[in-house]
Amino acid sequence: MMALVQRVVFTASNQVLRDCVKSVRQLERVSSRSLHHTATQHSNKTDRHIFRQLFDSRSSTYTYLLADSSTKEAIIIDPVLEQVDRDVSLIKDLQLNLIFAVNTHLHADHITGTGQIKKRLSGCKSVIAEATKAEADRHIVEGERIKFGGTHVQVVSTPGHTDGCMTYVWHDKSMAFTGDALLIRGCGRTDFQQGSPARLYESVHKKIFTLPDHYLLYPAHDYNGRTVTSVREEKRLNPRLTKTIEEFTKIMNELNLPPPKYINESVPANMVCGMYEVKDVTA
Ligand SMILES: [Fe+2]
């Protein structure tokens with residue numbers, strides 16, 4: 001009897017053990033599948049695009065490098081002449097093929113690096129708004145797309161700081177590059193280069209503040225060490241653009257700012273964007 005009981009217990013224990021091993025193996029298979037799935041999803045999400053924010057301390061200008069990591073096609077937004085060595089090195093380090101050097105507008109505070117970049121990276125074309133009347137390989141208007149690899153930025157016209165100000169919206173990354181139309185807790189001045197407070201107010205409210213609240217906004221400049229904001233943040237906190245259009249116009253008309261330091265050399269140079277024979281400061 002005792003032997004029978006022992007055999008029953010032994011058989012039952014073996015069965016329990018076999019069931020346990022089976023369950024553990026099933027769990028391992030499921031969790032390995034799900035880990036692999038999660039890792040693949042994660043890697044697809046994080047590796048599809050390349051984004052770099054770069055800074056020029058003399059003019060407090062941000063330059064942005066955007067790329068499709070699978071095709072390696074890239075664009076650069078608002079390159080600065082004095083930083084061309086840095087930008088070209090980074091593009092080469094990342095093995096990117098720069099197809100467009102794009103400006104958000106005709107800058108008055110620095111000379112664009114576009115011309116030098118075009119000399120150094122063959123195949124790169126310059127891009128600027130048609131309204132600037134500046135020279136470039138490609139002139140753009142509202143609604144166009146600047147494609148690179150399997151992605152693109154959408155061209156949104158946001159005049160007011162200048163006539164030819166464009167915001168570039170990268171929907172795949174929920175980001176927008178606002179140039180001087182909208183700065184972090186501020187905006188570009190409106191007292192030269194066809195500036196108009198009313199047009200700027202309308203551009204920001206109708207074109208930028210109508211983007212989804214979570215979209216990140218990357219400006220052309222920041223003078224206080226900040227790097228990024230969002231539509232939600234600026235709609236709530238921008239000290240100028242949360243005001244009425246009348247109040248905003250009054251604020252902008254009473255700024256009494258001195259002219260930008262490098263306006264006399266920057267504007268003529270940037271008018272021939274991409275073709276200007278500037279002194280080779282990067283040599
Ligand atoms: Fe500007």
# chains A, B, ... in the order shown; residues from 1 in each chain; ligands from 1
call {"tool": "residues_near_ligand", "arguments": {"ligand": "ligand 1", "cutoff": "8 Å", "atoms": "only C-alpha atoms and all ligand atoms", "output": "MDAnalysis selection string"}}
result
chainID A and resid 105:109 161:162 179:180 188:189 220
call {"tool": "residues_around", "arguments": {"residues": "A:Arg240", "least_positions_apart": "3", "cutoff": "10 Å", "atoms": "only C-alpha atoms", "output": "VMD selection string"}}
result
chain A and resid 185 to 187 201 234 237 243 to 245 247 to 249 251 to 252
call {"tool": "residues_around", "arguments": {"residues": "A:Glu233", "least_positions_apart": "3", "cutoff": "10 Å", "atoms": "only C-alpha atoms", "output": "list in words"}}
result
Ile184, Arg185, Asp213, His214, Tyr215, Leu216, Leu217, Thr229, Ser230, Arg236, Leu237 and Asn238 of chain A
call {"tool": "residues_around", "arguments": {"residues": "A:Thr210", "least_positions_apart": "4", "cutoff": "10 Å", "atoms": "only C-alpha atoms", "output": "list in words"}}
result
Val204, His205, Lys206, Val231 and Lys235 of chain A
call {"tool": "write_last_selection", "arguments": {"atoms": "C-alpha atoms", "output": "mmCIF file, in the first residue's frame"}}
result
data_model
loop_
_atom_site.group_PDB
_atom_site.id
_atom_site.type_symbol
_atom_site.label_atom_id
_atom_site.label_comp_id
_atom_site.auth_asym_id
_atom_site.auth_seq_id
_atom_site.Cartn_x
_atom_site.Cartn_y
_atom_site.Cartn_z
ATOM 1 C CA VAL A 204 1.625 82.921 -35.224
ATOM 2 C CA HIS A 205 -2.046 82.608 -34.270
ATOM 3 C CA LYS A 206 -3.266 81.098 -37.542
ATOM 4 C CA VAL A 231 2.771 74.986 -28.959
ATOM 5 C CA LYS A 235 -0.055 79.594 -26.226
#
call {"tool": "residues_around", "arguments": {"residues": "stretch 130-138 of chain A", "least_positions_apart": "6", "cutoff": "10 Å", "atoms": "only C-alpha atoms", "output": "ChimeraX atom specification"}}
result
/A:100-102,105-106,114-115,124,157,159,162-166,193,267-276
call {"tool": "write_last_selection", "arguments": {"atoms": "C-alpha atoms", "output": "mmCIF file, in the first residue's frame"}}
result
data_model
loop_
_atom_site.group_PDB
_atom_site.id
_atom_site.type_symbol
_atom_site.label_atom_id
_atom_site.label_comp_id
_atom_site.auth_asym_id
_atom_site.auth_seq_id
_atom_site.Cartn_x
_atom_site.Cartn_y
_atom_site.Cartn_z
ATOM 1 C CA PHE A 100 19.317 70.906 -49.119
ATOM 2 C CA ALA A 101 20.634 73.863 -47.102
ATOM 3 C CA VAL A 102 17.477 75.720 -46.128
ATOM 4 C CA HIS A 105 14.336 83.741 -43.796
ATOM 5 C CA LEU A 106 16.825 86.347 -44.961
ATOM 6 C CA THR A 114 24.812 77.881 -47.218
ATOM 7 C CA GLY A 115 27.323 79.110 -49.821
ATOM 8 C CA CYS A 124 23.635 70.240 -51.918
ATOM 9 C CA SER A 157 4.441 80.827 -44.689
ATOM 10 C CA PRO A 159 5.519 86.508 -42.522
ATOM 11 C CA THR A 162 10.164 89.624 -42.645
ATOM 12 C CA ASP A 163 8.094 88.995 -45.778
ATOM 13 C CA GLY A 164 9.854 85.760 -46.565
ATOM 14 C CA CYS A 165 9.685 84.012 -43.185
ATOM 15 C CA MET A 166 8.876 80.327 -43.376
ATOM 16 C CA GLN A 193 12.880 94.166 -43.569
ATOM 17 C CA VAL A 267 21.673 91.226 -45.598
ATOM 18 C CA PRO A 268 23.622 91.778 -48.868
ATOM 19 C CA ALA A 269 25.458 88.467 -48.377
ATOM 20 C CA ASN A 270 22.274 86.572 -47.658
ATOM 21 C CA MET A 271 20.535 88.099 -50.683
ATOM 22 C CA VAL A 272 22.811 85.958 -52.812
ATOM 23 C CA CYS A 273 22.255 82.943 -50.621
ATOM 24 C CA GLY A 274 24.428 80.087 -51.745
ATOM 25 C CA MET A 275 26.379 82.037 -54.349
ATOM 26 C CA TYR A 276 28.087 84.735 -52.310
#
call {"tool": "closest_residue", "arguments": {"among": "A:Ser70, A:Thr190, A:Thr242, A:Thr151", "to": "A:Asp172", "atoms": "only C-alpha atoms"}}
result
A:Thr151
call {"tool": "closest_residue", "arguments": {"among": "A:Leu200, A:Ile111, A:Ala74, A:Val80", "to": "A:Ser57", "atoms": "only C-alpha atoms"}}
result
A:Val80
call {"tool": "residues_around", "arguments": {"residues": "A:Lys72", "least_positions_apart": "6", "cutoff": "8 Å", "atoms": "only C-alpha atoms", "output": "mmCIF file with N, CA and C atoms, in the first residue's frame"}}
result
data_model
loop_
_atom_site.group_PDB
_atom_site.id
_atom_site.type_symbol
_atom_site.label_atom_id
_atom_site.label_comp_id
_atom_site.auth_asym_id
_atom_site.auth_seq_id
_atom_site.Cartn_x
_atom_site.Cartn_y
_atom_site.Cartn_z
ATOM 1 N N GLN A 95 27.801 60.170 -41.944
ATOM 2 C CA GLN A 95 27.720 59.590 -43.301
ATOM 3 C C GLN A 95 26.424 59.975 -43.999
ATOM 4 N N LEU A 96 26.077 61.262 -43.864
ATOM 5 C CA LEU A 96 24.827 61.738 -44.455
ATOM 6 C C LEU A 96 25.075 62.348 -45.824
ATOM 7 N N ASN A 97 24.030 62.362 -46.611
ATOM 8 C CA ASN A 97 24.061 62.991 -47.927
ATOM 9 C C ASN A 97 23.188 64.249 -47.839
ATOM 10 N N GLY A 149 14.832 61.649 -48.059
ATOM 11 C CA GLY A 149 14.533 60.241 -47.772
ATOM 12 C C GLY A 149 13.033 60.014 -47.797
#
call {"tool": "select_by_dssp", "arguments": {"residues": "stretch 56-242 of chain A", "states": "strand (DSSP E or B)", "output": "CSV table (one decimal) with N, CA and C atoms, in the first residue's frame"}}
result
chain,number,residue,atom,x,y,z
A,56,ASP,N,25.4,78.6,-32.5
A,56,ASP,CA,26.5,79.6,-32.8
A,56,ASP,C,26.4,80.6,-31.7
A,61,THR,N,22.5,81.8,-32.8
A,61,THR,CA,21.6,81.1,-33.8
A,61,THR,C,21.6,79.6,-33.6
A,62,TYR,N,20.5,79.0,-33.7
A,62,TYR,CA,20.4,77.5,-33.8
A,62,TYR,C,20.4,77.1,-35.2
A,63,THR,N,21.2,76.0,-35.5
A,63,THR,CA,21.2,75.3,-36.8
A,63,THR,C,20.6,73.9,-36.5
A,64,TYR,N,19.9,73.4,-37.5
A,64,TYR,CA,19.3,72.1,-37.2
A,64,TYR,C,19.6,71.2,-38.4
A,65,LEU,N,20.0,70.0,-38.0
A,65,LEU,CA,20.3,68.9,-39.0
A,65,LEU,C,19.3,67.8,-38.9
A,66,LEU,N,18.6,67.6,-40.0
A,66,LEU,CA,17.5,66.6,-40.0
A,66,LEU,C,17.8,65.5,-41.0
A,67,ALA,N,17.6,64.3,-40.7
A,67,ALA,CA,18.0,63.2,-41.7
A,67,ALA,C,17.1,62.0,-41.6
A,68,ASP,N,17.0,61.3,-42.7
A,68,ASP,CA,16.3,60.0,-42.7
A,68,ASP,C,17.5,59.0,-42.5
A,73,GLU,N,19.6,60.6,-46.5
A,73,GLU,CA,19.4,62.0,-47.0
A,73,GLU,C,19.1,63.0,-45.9
A,74,ALA,N,19.7,64.2,-46.0
A,74,ALA,CA,19.6,65.1,-44.9
A,74,ALA,C,19.4,66.5,-45.4
A,75,ILE,N,18.8,67.4,-44.5
A,75,ILE,CA,18.8,68.8,-44.8
A,75,ILE,C,19.3,69.6,-43.6
A,76,ILE,N,19.8,70.8,-43.8
A,76,ILE,CA,20.3,71.6,-42.7
A,76,ILE,C,19.5,72.9,-42.8
A,77,ILE,N,19.0,73.3,-41.6
A,77,ILE,CA,18.2,74.6,-41.5
A,77,ILE,C,19.1,75.6,-40.8
A,80,VAL,N,25.2,78.6,-40.2
A,80,VAL,CA,25.9,79.9,-40.0
A,80,VAL,C,27.3,79.8,-40.5
A,97,ASN,N,24.0,62.4,-46.6
A,97,ASN,CA,24.1,63.0,-47.9
A,97,ASN,C,23.2,64.2,-47.8
A,98,LEU,N,23.8,65.4,-47.7
A,98,LEU,CA,23.1,66.6,-47.5
A,98,LEU,C,22.5,67.1,-48.9
A,99,ILE,N,21.2,67.1,-49.0
A,99,ILE,CA,20.6,67.5,-50.3
A,99,ILE,C,20.1,68.9,-50.3
A,100,PHE,N,19.8,69.5,-49.1
A,100,PHE,CA,19.3,70.9,-49.1
A,100,PHE,C,19.9,71.7,-47.9
A,101,ALA,N,20.3,72.9,-48.2
A,101,ALA,CA,20.6,73.9,-47.1
A,101,ALA,C,19.5,74.9,-47.2
A,102,VAL,N,18.7,75.0,-46.1
A,102,VAL,CA,17.5,75.7,-46.1
A,102,VAL,C,17.6,76.9,-45.1
A,112,THR,N,24.7,83.5,-43.8
A,112,THR,CA,24.3,82.1,-43.9
A,112,THR,C,25.6,81.3,-44.3
A,125,LYS,N,21.8,71.7,-52.5
A,125,LYS,CA,21.1,72.9,-53.1
A,125,LYS,C,20.6,73.8,-52.0
A,126,SER,N,20.6,75.1,-52.4
A,126,SER,CA,20.2,76.1,-51.4
A,126,SER,C,18.7,76.3,-51.6
A,127,VAL,N,18.0,76.6,-50.5
A,127,VAL,CA,16.5,76.8,-50.5
A,127,VAL,C,16.2,78.0,-49.7
A,128,ILE,N,15.3,78.9,-50.2
A,128,ILE,CA,14.8,80.0,-49.4
A,128,ILE,C,13.4,80.4,-50.0
A,129,ALA,N,12.6,81.2,-49.3
A,129,ALA,CA,11.3,81.6,-49.7
A,129,ALA,C,11.4,82.5,-51.0
A,138,ARG,N,16.5,76.8,-55.2
A,138,ARG,CA,15.1,76.4,-55.1
A,138,ARG,C,14.4,77.5,-54.3
A,139,HIS,N,13.3,78.1,-54.9
A,139,HIS,CA,12.5,79.0,-54.2
A,139,HIS,C,11.2,78.3,-53.8
A,140,ILE,N,10.8,78.5,-52.5
A,140,ILE,CA,9.6,77.8,-52.0
A,140,ILE,C,8.5,78.8,-51.7
A,145,ARG,N,6.5,70.9,-50.0
A,145,ARG,CA,7.2,69.9,-49.1
A,145,ARG,C,8.7,69.8,-49.5
A,146,ILE,N,9.5,69.9,-48.5
A,146,ILE,CA,11.0,69.7,-48.8
A,146,ILE,C,11.2,68.2,-48.3
A,147,LYS,N,11.5,67.4,-49.3
A,147,LYS,CA,11.6,65.9,-49.1
A,147,LYS,C,13.0,65.5,-48.9
A,148,PHE,N,13.3,64.7,-47.9
A,148,PHE,CA,14.6,64.0,-47.8
A,148,PHE,C,14.3,62.6,-47.3
A,151,THR,N,10.9,61.1,-45.7
A,151,THR,CA,10.2,62.1,-44.8
A,151,THR,C,10.3,63.5,-45.5
A,152,HIS,N,9.7,64.4,-44.8
A,152,HIS,CA,9.7,65.8,-45.4
A,152,HIS,C,9.4,66.8,-44.3
A,153,VAL,N,9.7,68.1,-44.6
A,153,VAL,CA,9.1,69.2,-43.8
A,153,VAL,C,8.1,69.9,-44.7
A,154,GLN,N,7.1,70.3,-44.1
A,154,GLN,CA,6.0,71.1,-44.8
A,154,GLN,C,6.4,72.6,-44.7
A,155,VAL,N,6.2,73.3,-45.8
A,155,VAL,CA,6.6,74.7,-45.8
A,155,VAL,C,5.3,75.5,-45.4
A,156,VAL,N,5.4,76.3,-44.3
A,156,VAL,CA,4.3,77.1,-43.9
A,156,VAL,C,4.7,78.6,-43.9
A,157,SER,N,4.0,79.4,-44.6
A,157,SER,CA,4.4,80.8,-44.7
A,157,SER,C,4.0,81.6,-43.4
A,166,MET,N,9.5,81.6,-43.3
A,166,MET,CA,8.9,80.3,-43.4
A,166,MET,C,9.1,79.5,-42.1
A,167,THR,N,8.0,78.8,-41.7
A,167,THR,CA,8.1,77.8,-40.7
A,167,THR,C,8.1,76.4,-41.3
A,168,TYR,N,9.0,75.6,-40.9
A,168,TYR,CA,9.1,74.2,-41.5
A,168,TYR,C,8.6,73.2,-40.5
A,169,VAL,N,7.5,72.5,-40.9
A,169,VAL,CA,6.9,71.6,-39.9
A,169,VAL,C,7.3,70.1,-40.3
A,170,TRP,N,7.9,69.5,-39.3
A,170,TRP,CA,8.3,68.1,-39.5
A,170,TRP,C,7.3,67.2,-38.8
A,175,MET,N,7.5,68.3,-34.8
A,175,MET,CA,8.3,69.4,-34.5
A,175,MET,C,8.1,70.5,-35.6
A,176,ALA,N,8.4,71.7,-35.2
A,176,ALA,CA,8.3,72.8,-36.2
A,176,ALA,C,9.5,73.7,-35.9
A,177,PHE,N,10.1,74.2,-37.0
A,177,PHE,CA,11.2,75.1,-37.0
A,177,PHE,C,10.7,76.5,-37.4
A,178,THR,N,10.6,77.4,-36.4
A,178,THR,CA,9.8,78.6,-36.5
A,178,THR,C,10.7,79.8,-37.0
A,179,GLY,N,12.0,79.7,-37.1
A,179,GLY,CA,12.8,80.8,-37.5
A,179,GLY,C,12.6,81.9,-36.5
A,183,LEU,N,9.8,82.9,-31.1
A,183,LEU,CA,11.0,82.6,-30.3
A,183,LEU,C,10.4,82.0,-28.9
A,186,GLY,N,9.0,84.7,-26.8
A,186,GLY,CA,9.2,86.0,-27.5
A,186,GLY,C,8.8,85.8,-29.0
A,216,LEU,N,6.6,70.3,-30.8
A,216,LEU,CA,7.8,71.0,-30.2
A,216,LEU,C,8.2,72.1,-31.2
A,217,LEU,N,8.5,73.2,-30.7
A,217,LEU,CA,8.9,74.4,-31.5
A,217,LEU,C,10.4,74.7,-31.3
A,218,TYR,N,11.1,74.7,-32.4
A,218,TYR,CA,12.5,75.0,-32.3
A,218,TYR,C,12.8,76.4,-33.0
A,219,PRO,N,13.2,77.4,-32.3
A,219,PRO,CA,13.4,78.7,-32.9
A,219,PRO,C,14.8,78.9,-33.6
A,221,HIS,N,16.7,81.4,-32.8
A,221,HIS,CA,17.6,81.9,-31.7
A,221,HIS,C,17.1,81.7,-30.3
A,229,THR,N,10.6,74.8,-27.1
A,229,THR,CA,9.4,75.0,-26.4
A,229,THR,C,8.3,74.2,-27.1
A,230,SER,N,7.0,74.4,-26.8
A,230,SER,CA,6.0,73.7,-27.4
A,230,SER,C,4.8,74.6,-27.8
